[in-house]
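Pasting start.cif here (mmCIF, C-alpha atoms):
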```
data_my_file
loop_
_atom_site.label_atom_id
_atom_site.label_comp_id
_atom_site.auth_asym_id
_atom_site.auth_seq_id
_atom_site.Cartn_x
_atom_site.Cartn_y
_atom_site.Cartn_z
CA PRO A 186 77.23 34.07 5.74
CA ALA A 187 79.51 33.53 2.72
CA LEU A 188 79.29 29.72 2.72
CA ARG A 189 75.49 29.67 2.73
CA PHE A 190 75.44 32.39 0.08
CA LEU A 191 77.66 30.24 -2.14
CA THR A 192 75.41 27.21 -1.55
CA VAL A 193 72.32 29.15 -2.58
CA THR A 194 74.08 30.57 -5.63
CA ARG A 195 75.25 27.09 -6.65
CA HIS A 196 71.78 25.51 -6.54
CA LEU A 197 69.96 28.38 -8.23
CA GLY A 198 72.77 28.67 -10.77
CA SER A 199 72.55 24.95 -11.51
CA ALA A 200 68.81 25.35 -12.15
CA ALA A 201 69.49 28.17 -14.60
CA ILE A 202 72.28 26.28 -16.37
CA GLY A 203 70.16 23.13 -16.66
CA TRP A 204 67.37 25.18 -18.24
CA TRP A 205 69.84 26.87 -20.64
CA LEU A 206 71.31 23.54 -21.79
CA PHE A 207 68.21 21.33 -21.98
CA ASP A 208 64.94 23.29 -22.01
CA ARG A 209 65.52 26.71 -23.53
CA ARG A 210 65.31 25.69 -27.22
CA ARG A 211 62.40 23.22 -26.90
CA GLY A 212 59.58 25.67 -27.39
CA ARG A 213 58.11 28.37 -25.17
CA ASP A 214 55.83 26.11 -23.10
CA THR A 215 58.47 23.43 -22.53
CA SER A 216 61.05 26.09 -21.75
CA ARG A 217 58.94 27.78 -19.08
CA ALA A 218 57.79 24.48 -17.59
CA GLY A 219 61.40 23.24 -17.42
CA LEU A 220 62.67 26.38 -15.71
CA SER A 221 59.76 26.35 -13.25
CA ARG A 222 60.40 22.70 -12.36
CA ARG A 223 64.11 23.36 -11.80
CA ILE A 224 63.43 26.40 -9.61
CA ARG A 225 60.97 24.43 -7.49
CA SER A 226 63.47 21.58 -7.13
CA ALA A 227 66.22 24.03 -6.07
CA ALA A 228 63.89 25.57 -3.48
CA GLU A 229 63.21 22.12 -1.99
CA ILE A 230 66.94 21.42 -1.71
CA LEU A 231 67.69 24.82 -0.17
CA GLY A 232 65.12 24.32 2.54
CA PRO A 233 62.44 26.18 4.50
CA THR A 234 63.25 29.79 3.66
CA TYR A 235 63.08 29.20 -0.08
CA ILE A 236 60.14 26.82 0.20
CA LYS A 237 58.29 29.65 1.97
CA LEU A 238 59.11 31.93 -0.96
CA GLY A 239 57.72 29.27 -3.30
CA GLN A 240 54.51 29.11 -1.26
CA ILE A 241 54.10 32.87 -1.67
CA ILE A 242 54.54 32.47 -5.44
CA SER A 243 51.98 29.62 -5.44
CA SER A 244 49.27 32.11 -4.43
CA GLY A 245 50.30 34.62 -7.10
CA GLU A 246 48.16 33.63 -10.08
CA GLY A 247 48.22 36.50 -12.53
CA LEU A 248 51.44 37.87 -11.05
CA PHE A 249 53.74 34.96 -11.93
CA PRO A 250 53.88 32.59 -14.92
CA PRO A 251 51.22 29.85 -14.58
CA GLU A 252 53.87 27.12 -14.96
CA LEU A 253 55.80 28.50 -11.97
CA VAL A 254 52.62 28.87 -9.88
CA ALA A 255 51.66 25.24 -10.64
CA GLU A 256 55.09 23.93 -9.64
CA CYS A 257 55.19 26.02 -6.47
CA ARG A 258 51.82 24.61 -5.38
CA LEU A 259 53.71 21.36 -4.76
CA LEU A 260 55.68 23.21 -2.07
CA ARG A 261 52.52 23.75 0.01
CA ASP A 262 52.28 20.20 1.32
CA GLN A 263 54.23 17.89 -0.99
CA VAL A 264 57.84 18.54 0.07
CA ALA A 265 60.07 15.48 0.52
CA PRO A 266 59.27 14.20 4.06
CA GLN A 267 61.70 13.70 6.91
CA SER A 268 62.38 10.13 8.03
CA PHE A 269 60.19 8.59 10.72
CA THR A 270 63.30 8.07 12.85
CA GLU A 271 63.81 11.84 13.01
CA VAL A 272 60.10 12.43 13.62
CA ARG A 273 60.14 10.00 16.55
CA ARG A 274 63.28 11.61 17.98
CA VAL A 275 61.79 15.13 17.93
CA ILE A 276 58.50 13.98 19.51
CA GLU A 277 60.18 11.99 22.27
CA GLU A 278 62.67 14.77 23.05
CA ASP A 279 59.98 17.44 23.30
CA LEU A 280 57.33 15.37 25.14
CA ASP A 281 59.99 13.70 27.29
CA ARG A 282 58.50 10.22 27.00
CA PRO A 283 58.36 7.32 24.52
CA LEU A 284 56.03 7.81 21.58
CA GLU A 285 54.03 4.69 22.56
CA GLU A 286 53.10 6.25 25.92
CA VAL A 287 51.22 9.02 24.08
CA PHE A 288 49.85 7.34 20.93
CA VAL A 289 48.35 3.88 20.42
CA GLU A 290 48.48 4.46 16.65
CA PHE A 291 50.86 6.66 14.66
CA ASP A 292 50.94 6.72 10.86
CA ARG A 293 54.57 6.68 9.75
CA GLN A 294 53.67 8.18 6.37
CA PRO A 295 52.98 11.92 6.68
CA LEU A 296 49.61 13.29 5.71
CA ALA A 297 51.40 16.39 4.39
CA ALA A 298 54.95 17.70 4.38
CA ALA A 299 55.79 21.39 4.02
CA SER A 300 58.66 23.79 4.62
CA ILE A 301 58.85 23.88 8.39
CA ALA A 302 56.98 20.77 9.51
CA GLN A 303 55.11 17.66 8.47
CA VAL A 304 51.81 16.29 9.74
CA HIS A 305 50.98 12.71 10.75
CA ARG A 306 47.68 11.07 11.64
CA ALA A 307 47.61 9.40 15.06
CA ARG A 308 45.33 8.19 17.84
CA LEU A 309 45.93 9.08 21.48
CA VAL A 310 45.95 6.50 24.27
CA THR A 311 42.68 8.15 25.35
CA GLY A 312 41.17 7.11 21.99
CA GLU A 313 40.91 10.52 20.27
CA HIS A 314 41.93 10.81 16.62
CA VAL A 315 44.44 13.61 16.16
CA VAL A 316 47.00 15.01 13.76
CA VAL A 317 50.54 15.65 14.95
CA LYS A 318 52.55 18.53 13.52
CA VAL A 319 56.28 17.90 13.92
CA GLN A 320 58.96 20.44 13.12
CA ARG A 321 61.83 19.37 10.87
CA SER A 322 64.90 18.74 13.01
CA VAL A 323 67.32 21.12 11.24
CA VAL A 324 64.87 23.82 10.17
CA ALA A 325 65.70 26.38 12.89
CA ASP A 326 69.42 26.33 12.07
CA LEU A 327 68.81 26.62 8.32
CA VAL A 328 66.42 29.54 8.76
CA ARG A 329 68.91 31.42 10.94
CA ARG A 330 71.65 30.95 8.35
CA ASP A 331 69.38 32.10 5.51
CA LEU A 332 68.27 35.16 7.45
CA LYS A 333 71.92 36.12 7.94
CA VAL A 334 72.44 35.94 4.18
CA LEU A 335 69.30 37.97 3.43
CA ALA A 336 70.14 40.59 6.07
CA TRP A 337 73.65 40.88 4.63
CA LEU A 338 72.39 41.27 1.05
CA ALA A 339 69.37 43.54 1.63
CA PRO A 340 71.21 46.87 2.13
CA PHE A 341 73.11 46.36 -1.15
CA LEU A 342 69.81 46.05 -3.06
CA VAL A 343 68.55 49.51 -2.05
CA GLY A 344 68.53 51.70 -5.17
CA ARG A 345 70.34 49.09 -7.28
CA ILE A 346 67.47 47.11 -8.82
CA PRO A 347 64.10 48.41 -10.08
CA VAL A 348 61.94 46.51 -7.55
CA ALA A 349 63.89 48.08 -4.66
CA ALA A 350 62.64 51.50 -5.75
CA LEU A 351 59.13 50.45 -4.67
CA ALA A 352 60.14 48.44 -1.64
CA ASN A 353 62.42 48.51 1.38
CA PRO A 354 64.55 45.33 1.25
CA PRO A 355 66.01 45.61 4.78
CA ALA A 356 62.51 46.15 6.24
CA LEU A 357 61.11 43.23 4.21
CA VAL A 358 63.86 40.96 5.55
CA GLU A 359 63.13 42.14 9.08
CA LEU A 360 59.41 41.42 8.67
CA PHE A 361 60.10 38.02 7.10
CA ALA A 362 62.46 37.21 9.99
CA GLU A 363 59.77 38.08 12.54
CA THR A 364 57.08 35.97 10.89
CA ILE A 365 59.19 32.89 10.17
CA THR A 366 60.73 32.98 13.67
CA GLU A 367 57.23 32.94 15.16
CA GLU A 368 56.38 29.96 12.95
CA LEU A 369 59.24 28.02 14.55
CA ASP A 370 57.50 28.01 17.95
CA PHE A 371 54.36 25.86 17.87
CA ARG A 372 53.30 27.14 21.32
CA LEU A 373 52.62 30.51 19.65
CA GLU A 374 50.66 28.75 16.90
CA ALA A 375 48.45 26.98 19.45
CA ASP A 376 47.82 30.35 21.14
CA ASN A 377 46.92 31.85 17.75
CA MET A 378 44.40 29.05 17.16
CA LEU A 379 42.63 29.83 20.42
CA GLU A 380 42.59 33.59 19.75
CA VAL A 381 41.20 33.20 16.21
CA ALA A 382 38.54 30.79 17.50
CA ARG A 383 37.61 33.29 20.21
CA SER A 384 37.27 36.08 17.61
CA PHE A 385 34.95 33.96 15.44
CA THR A 386 32.84 33.19 18.51
CA ALA A 387 32.63 36.88 19.41
CA LEU A 388 31.54 37.69 15.85
CA GLY A 389 29.01 34.86 15.67
CA GLN A 390 30.89 33.38 12.71
CA THR A 391 29.93 29.69 12.63
CA GLY A 392 31.10 28.97 9.07
CA TYR A 393 34.70 28.36 10.15
CA VAL A 394 36.11 25.46 12.14
CA VAL A 395 39.35 25.77 14.11
CA PRO A 396 40.94 22.47 15.18
CA ARG A 397 41.27 22.16 18.96
CA PRO A 398 44.87 21.84 20.22
CA HIS A 399 45.71 19.50 23.11
CA PRO A 400 47.51 21.91 25.49
CA GLU A 401 49.41 19.22 27.36
CA LEU A 402 50.85 17.99 24.05
CA VAL A 403 52.08 21.32 22.68
CA THR A 404 55.79 22.20 22.69
CA ARG A 405 58.08 24.39 20.63
CA ARG A 406 58.44 21.67 17.96
CA VAL A 407 55.34 19.47 18.43
CA LEU A 408 51.66 20.39 18.12
CA VAL A 409 48.93 17.79 18.64
CA MET A 410 45.46 18.86 17.56
CA GLU A 411 42.01 17.57 16.70
CA GLU A 412 41.73 15.76 13.35
CA LEU A 413 39.38 17.34 10.81
CA SER A 414 38.51 16.12 7.32
CA GLY A 415 36.84 17.36 4.16
CA TYR A 416 37.37 18.43 0.56
CA ARG A 417 40.47 20.29 -0.59
CA PHE A 418 39.60 23.94 -1.09
CA ASP A 419 40.49 23.82 -4.79
CA ASP A 420 38.42 20.65 -5.41
CA VAL A 421 35.54 22.68 -6.83
CA ALA A 422 34.00 19.73 -8.67
CA GLY A 423 33.95 17.55 -5.55
CA ILE A 424 32.47 20.35 -3.45
CA LYS A 425 29.71 21.05 -5.99
CA ASN A 426 28.93 17.34 -6.43
CA ALA A 427 28.41 17.13 -2.66
CA GLY A 428 25.71 19.78 -2.97
CA ILE A 429 27.69 22.43 -1.09
CA ASP A 430 27.06 26.09 -2.03
CA VAL A 431 30.44 27.44 -3.18
CA HIS A 432 29.15 31.03 -3.15
CA ALA A 433 28.25 30.64 0.53
CA ILE A 434 31.77 29.36 1.23
CA LEU A 435 33.38 32.39 -0.41
CA ARG A 436 30.97 34.77 1.30
CA THR A 437 31.76 33.22 4.67
CA GLY A 438 35.46 33.55 3.96
CA MET A 439 35.27 37.21 2.99
CA ILE A 440 33.05 38.16 5.94
CA GLY A 441 35.13 36.17 8.41
CA PHE A 442 38.38 37.72 7.24
CA MET A 443 37.06 41.30 7.02
CA GLU A 444 35.17 41.26 10.32
CA GLY A 445 38.04 39.55 12.11
CA ALA A 446 40.51 42.19 10.93
CA MET A 447 38.28 45.26 11.32
CA MET A 448 36.37 44.41 14.51
CA GLU A 449 38.53 41.95 16.45
CA GLY A 450 41.93 42.99 15.08
CA ILE A 451 43.10 39.45 14.27
CA PHE A 452 43.24 37.44 11.05
CA HIS A 453 44.82 34.32 9.54
CA GLY A 454 47.85 35.60 7.64
CA ASP A 455 48.57 32.59 5.40
CA LEU A 456 45.37 31.92 3.48
CA HIS A 457 46.07 29.56 0.57
CA GLY A 458 44.45 26.37 -0.70
CA GLY A 459 46.75 24.13 1.32
CA ASN A 460 45.50 25.62 4.59
CA LEU A 461 41.77 25.37 3.88
CA PHE A 462 39.35 22.53 3.26
CA VAL A 463 35.60 22.27 3.15
CA GLN A 464 33.72 19.91 5.44
CA PRO A 465 30.67 17.95 4.17
CA ASP A 466 28.36 20.31 6.09
CA GLY A 467 29.76 23.31 4.18
CA ARG A 468 31.86 24.74 7.00
CA VAL A 469 35.48 25.63 6.22
CA ALA A 470 38.27 24.13 8.31
CA LEU A 471 41.10 26.63 8.71
CA LEU A 472 44.55 25.15 9.34
CA ASP A 473 48.11 26.32 10.07
CA TYR A 474 48.17 29.40 12.31
CA GLY A 475 51.93 29.99 12.21
CA ILE A 476 51.34 33.38 10.55
CA THR A 477 48.53 35.27 12.27
CA GLY A 478 48.13 39.02 11.81
CA ARG A 479 47.05 41.49 14.47
CA LEU A 480 45.88 45.10 14.10
CA ASP A 481 45.75 47.65 16.90
CA ASP A 482 42.89 50.17 17.03
CA ASP A 483 44.61 52.75 14.81
CA ARG A 484 45.39 50.19 12.11
CA ARG A 485 41.89 48.68 12.24
CA ILE A 486 40.49 52.15 11.48
CA ALA A 487 43.10 52.65 8.72
CA PHE A 488 42.12 49.32 7.16
CA LEU A 489 38.45 50.37 7.17
CA ARG A 490 39.36 53.75 5.65
CA MET A 491 41.33 52.03 2.89
CA LEU A 492 38.32 49.88 1.93
CA MET A 493 35.89 52.82 2.02
CA ALA A 494 38.23 55.00 -0.06
CA ALA A 495 38.55 52.21 -2.63
CA THR A 496 34.77 52.02 -3.09
CA MET A 497 34.77 55.78 -3.77
CA ASN A 498 37.85 55.67 -6.03
CA ASP A 499 39.54 58.16 -3.68
CA VAL A 500 43.19 57.38 -4.41
CA ARG A 501 44.68 59.97 -2.07
CA SER A 502 42.69 58.65 0.90
CA GLN A 503 43.75 55.12 0.03
CA PHE A 504 47.40 56.15 0.18
CA ALA A 505 46.79 57.96 3.47
CA ALA A 506 45.33 54.74 4.88
CA LEU A 507 48.24 52.70 3.52
CA ARG A 508 50.61 55.18 5.15
CA ASP A 509 48.85 54.71 8.48
CA LEU A 510 49.03 50.93 8.03
CA GLY A 511 52.82 51.26 7.87
CA MET A 512 53.47 51.08 4.12
CA LEU A 513 54.86 54.64 3.94
CA PRO A 514 56.67 56.93 6.41
CA LEU A 515 54.34 59.24 8.33
CA ASP A 516 55.92 62.37 6.78
CA THR A 517 55.37 61.15 3.17
CA ASP A 518 54.17 63.78 0.69
CA LEU A 519 51.02 61.98 -0.49
CA ASP A 520 50.38 64.43 -3.35
CA ALA A 521 53.83 63.69 -4.73
CA VAL A 522 53.20 59.96 -4.46
#
```
Hey, can you dump this file as structure tokens for me?
Amino acid sequence: PALRFLTVTRHLGSAAIGWWLFDRRRGRDTSRAGLSRRIRSAAEILGPTYIKLGQIISSGEGLFPPELVAECRLLRDQVAPQSFTEVRRVIEEDLDRPLEEVFVEFDRQPLAAASIAQVHRARLVTGEHVVVKVQRSVVADLVRRDLKVLAWLAPFLVGRIPVAALANPPALVELFAETITEELDFRLEADNMLEVARSFTALGQTGYVVPRPHPELVTRRVLVMEELSGYRFDDVAGIKNAGIDVHAILRTGMIGFMEGAMMEGIFHGDLHGGNLFVQPDGRVALLDYGITGRLDDDRRIAFLRMLMAATMNDVRSQFAALRDLGMLPLDTDLDAV
């Protein structure tokens, strides 16, 4: 993976050099904003793997500098879009028919563009308004190359940098590879949508809305689903002005997530503002099911034990639960930890 490694080093190095030459001496705020902007730009150029990393950072308020978090929010759904020519090619290849045979209207400008795919509004020949999620044409190849680089580097990081003392770089790369590989197959995402919807139904949770996929229009790279609309999740002013109870929204979210994980063993694994919006009736539309977590019976019980131990400030029991969730080896000396 040497060539890809050199490419990554070149772009990230260019960001650092540009900051050193132009932003570093212009005051603390300008310096941090300049570096954050350059890092975000480098991530966009490097593609889906690094855009995904930026999306993780975008949800890390309090963990990362606010300037970097703000820049990385742009990577949620404001990545440079792919050309309509490429979008058409992917759709027609996967559906095996001309685009006009499926859609009577198709908006050439994407509604949102993110790391792995972009979304377009459209209307089916049957008259239904839908959104069409289309995978970027070169994303699978880029991800495979990046995973080779990360898998090659990870063993060298063990014991050599401070963060590796509290983590397992090879295992993290393996987990990241599993999740991002699943995201590259939209048939799995459509299946996740149906399973999460089923779990909400079983729990009597009516505060969430899952868009309905069109099964005959789902392939590895194309996902056609029901169009939903509403307020962006971070548009607090707009939500309040519409008379919607924000406390009820948060309560619904917490209960839905906790009950789904503890009782049904399934949960949306990529909850950030870009994947949520609030409908005028106060229900929350939940989008993008590429990362969906599942817990078997033992891990559901461990999750419950972790929460109960936290309410009692029982640190040892929390670590025992984390061990059983897979964070630590089963033979770990918890007292030493």
For atom CA of Asp481 of chain A and atom CA of Val395 of chain A, determine how far apart the two atoms are, in Å to one decimal place. 23.0 Å
Resolved residues for the PyMOL selection byres ((chain A and resi 464-476) around 8) as a PyMOL selection string: chain A and resi 364-365+367-369+371+373-375+377-378+391-396+413-416+427+429-430+434+453-455+460-463+477-478
I need every residue sitting at most 12 Å from the point (43.3, 15.2, 11.0) (coordinates as in the file, only C-alpha atoms considered), written as a PyMOL selection string. chain A and resi 291-292+295-297+304-308+313-318+395-398+409-415+462+470-472
Write a file of the just-selected residues containing C-alpha atoms, as a PDB file, keeping the file's coordinate frame.
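Result saved to out.pdb:
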```pdb
ATOM      1  CA  PHE A 291      50.860   6.660  14.660  1.00  0.00           C
ATOM      2  CA  ASP A 292      50.940   6.720  10.860  1.00  0.00           C
ATOM      3  CA  PRO A 295      52.980  11.920   6.680  1.00  0.00           C
ATOM      4  CA  LEU A 296      49.610  13.290   5.710  1.00  0.00           C
ATOM      5  CA  ALA A 297      51.400  16.390   4.390  1.00  0.00           C
ATOM      6  CA  VAL A 304      51.810  16.290   9.740  1.00  0.00           C
ATOM      7  CA  HIS A 305      50.980  12.710  10.750  1.00  0.00           C
ATOM      8  CA  ARG A 306      47.680  11.070  11.640  1.00  0.00           C
ATOM      9  CA  ALA A 307      47.610   9.400  15.060  1.00  0.00           C
ATOM     10  CA  ARG A 308      45.330   8.190  17.840  1.00  0.00           C
ATOM     11  CA  GLU A 313      40.910  10.520  20.270  1.00  0.00           C
ATOM     12  CA  HIS A 314      41.930  10.810  16.620  1.00  0.00           C
ATOM     13  CA  VAL A 315      44.440  13.610  16.160  1.00  0.00           C
ATOM     14  CA  VAL A 316      47.000  15.010  13.760  1.00  0.00           C
ATOM     15  CA  VAL A 317      50.540  15.650  14.950  1.00  0.00           C
ATOM     16  CA  LYS A 318      52.550  18.530  13.520  1.00  0.00           C
ATOM     17  CA  VAL A 395      39.350  25.770  14.110  1.00  0.00           C
ATOM     18  CA  PRO A 396      40.940  22.470  15.180  1.00  0.00           C
ATOM     19  CA  ARG A 397      41.270  22.160  18.960  1.00  0.00           C
ATOM     20  CA  PRO A 398      44.870  21.840  20.220  1.00  0.00           C
ATOM     21  CA  VAL A 409      48.930  17.790  18.640  1.00  0.00           C
ATOM     22  CA  MET A 410      45.460  18.860  17.560  1.00  0.00           C
ATOM     23  CA  GLU A 411      42.010  17.570  16.700  1.00  0.00           C
ATOM     24  CA  GLU A 412      41.730  15.760  13.350  1.00  0.00           C
ATOM     25  CA  LEU A 413      39.380  17.340  10.810  1.00  0.00           C
ATOM     26  CA  SER A 414      38.510  16.120   7.320  1.00  0.00           C
ATOM     27  CA  GLY A 415      36.840  17.360   4.160  1.00  0.00           C
ATOM     28  CA  PHE A 462      39.350  22.530   3.260  1.00  0.00           C
ATOM     29  CA  ALA A 470      38.270  24.130   8.310  1.00  0.00           C
ATOM     30  CA  LEU A 471      41.100  26.630   8.710  1.00  0.00           C
ATOM     31  CA  LEU A 472      44.550  25.150   9.340  1.00  0.00           C
TER      32      LEU A 472
END
```
Nearest to Arg273 of chain A: which of A:Val407, A:Leu435, A:Val324, A:Ala299 is it, counting all atoms listed in the file? A:Val407
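Run against this file, the PyMOL selection byres ((chain A and resi 280) around 10) gives back Val275, Ile276, Glu277, Glu278, Asp279, Asp281, Arg282, Pro283, Leu284, Val287, Glu401, Leu402, Val403, Thr404, Arg406 and Val407 of chain A.
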Determine, for each residue of segment 306-397 of chain A having at least one atom at most 12 Å from an atom of segment 256-266 of chain A, the closest pair of atoms and their separation in Å to one decimal, counting all atoms listed in the file; order by chain and ascending number, as a Markdown table.
```
| residue | atom | partner | partner_atom | distance |
| --- | --- | --- | --- | --- |
| A:Val319 | CA | A:Pro266 | CA | 10.9 |
| A:Gln320 | CA | A:Pro266 | CA | 11.0 |
| A:Arg321 | CA | A:Pro266 | CA | 8.9 |
| A:Ser322 | CA | A:Pro266 | CA | 11.5 |
```
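Distances to Ala325 of chain A were evaluated for A:Ala227, A:Arg405, A:Gln390, A:Phe341 using all atoms listed in the file, and the minimum falls at A:Arg405.
Remark: for Phe361 of chain A, the closest of the candidate residues A:Lys237, A:Gln294, A:Ala382, A:Ser199 is A:Lys237 (distances computed over only C-alpha atoms).
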